[in-house]
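See below for the structure under consideration.
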Amino acid sequence: MAEETTEKPRQDAPGGRGRPKTRVGIVTSNKMQKTVVVTVSRRASHRQYGKIVSLREKYKAHVEDHDYPKKITINEGDRVRIAETKPASKDKRWRVVEVLARGSSV
């Protein structure tokens with residue numbers, strides 16, 4: 001006799017979906033339709049030498065209501081929170097969740 005198991009995968013298990021990764025960064029480019037480039041800076045210790053170094057990574061994030069020449073909703077310099085999502089294009093795997101602070105207008 002074989003027993004049937006109907007276990008649900010745990011949220012933190014590789015098969016299940018946990019919470020999406022989130023990052024906070026500064027918008028460095030808003031010149032695309034429905035897309036902004038967000039630069040996330042962090043400080044980490046160097047593996048071998050232990051010196052604290054500044055690292056930065058650029059992410060392309062999706063913004064549904066941002067249409068560059070006509071309707072600009074997010075400007076360069078804005079501080080935003082982005083969250084991981086399913087791939088929207090070749091390099092776009094993040095979406096803007098909220099605008100935390102507006103940048104200074106030049």
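Ordered as shown in the structure tokens, chains take letters A, B, and onward, while each chain numbers its residues from 1 and ligands are numbered from 1 in the order shown.
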
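Residues within 8 Å of Ile74 in chain A, counting only C-alpha atoms and excluding same-chain residues fewer than 4 positions away, are Asn30, His66 and Asp78 of chain A.
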
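Shortest separation to Lys60 in chain A among A:Ile72, A:Arg93, A:His46, A:Lys31 occurs at residue A:Arg93, atoms counted being only C-alpha atoms.
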
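The interatomic distance for the pair CA of Arg81 in chain A and CA of Arg19 in chain A works out to 14.5 Å.
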
Atom-to-atom span, CA of Val53 in chain A and CA of Val40 in chain A, Å: 14.0 Å

Shell around Glu57 in chain A at 12 Å using only C-alpha atoms, local window under 5 positions removed, as JSON, numbers by chain: {"A": [23, 24, 25, 26, 27, 28, 37, 38, 39, 40, 41, 42, 43]}

Once you have the residues from the selection above, write them out as an mmCIF file, in the first residue's frame, restricted to N, CA and C atoms.
```
data_model
loop_
_atom_site.group_PDB
_atom_site.id
_atom_site.type_symbol
_atom_site.label_atom_id
_atom_site.label_comp_id
_atom_site.auth_asym_id
_atom_site.auth_seq_id
_atom_site.Cartn_x
_atom_site.Cartn_y
_atom_site.Cartn_z
ATOM 1 N N ARG A 23 14.676 46.443 -3.298
ATOM 2 C CA ARG A 23 15.849 47.296 -3.216
ATOM 3 C C ARG A 23 15.377 48.748 -3.188
ATOM 4 N N VAL A 24 16.190 49.626 -2.630
ATOM 5 C CA VAL A 24 15.909 51.061 -2.634
ATOM 6 C C VAL A 24 17.050 51.732 -3.364
ATOM 7 N N GLY A 25 16.707 52.582 -4.340
ATOM 8 C CA GLY A 25 17.744 53.234 -5.123
ATOM 9 C C GLY A 25 17.287 54.555 -5.693
ATOM 10 N N ILE A 26 18.166 55.162 -6.467
ATOM 11 C CA ILE A 26 17.941 56.471 -7.075
ATOM 12 C C ILE A 26 17.734 56.277 -8.577
ATOM 13 N N VAL A 27 16.723 56.948 -9.138
ATOM 14 C CA VAL A 27 16.468 56.877 -10.579
ATOM 15 C C VAL A 27 17.550 57.668 -11.293
ATOM 16 N N THR A 28 18.271 57.005 -12.206
ATOM 17 C CA THR A 28 19.333 57.677 -12.944
ATOM 18 C C THR A 28 18.949 57.980 -14.387
ATOM 19 N N VAL A 37 15.753 53.478 -15.112
ATOM 20 C CA VAL A 37 16.970 52.825 -14.646
ATOM 21 C C VAL A 37 17.209 53.290 -13.217
ATOM 22 N N VAL A 38 17.336 52.320 -12.299
ATOM 23 C CA VAL A 38 17.512 52.616 -10.884
ATOM 24 C C VAL A 38 18.895 52.131 -10.463
ATOM 25 N N THR A 39 19.680 53.020 -9.845
ATOM 26 C CA THR A 39 20.999 52.662 -9.344
ATOM 27 C C THR A 39 20.903 52.417 -7.849
ATOM 28 N N VAL A 40 21.308 51.217 -7.442
ATOM 29 C CA VAL A 40 21.283 50.824 -6.033
ATOM 30 C C VAL A 40 22.719 50.760 -5.542
ATOM 31 N N SER A 41 23.028 51.549 -4.511
ATOM 32 C CA SER A 41 24.376 51.568 -3.935
ATOM 33 C C SER A 41 24.365 50.834 -2.607
ATOM 34 N N ARG A 42 25.439 50.101 -2.346
ATOM 35 C CA ARG A 42 25.578 49.423 -1.059
ATOM 36 C C ARG A 42 27.053 49.386 -0.698
ATOM 37 N N ARG A 43 27.318 49.173 0.588
ATOM 38 C CA ARG A 43 28.693 49.080 1.071
ATOM 39 C C ARG A 43 28.906 47.669 1.581
#
```
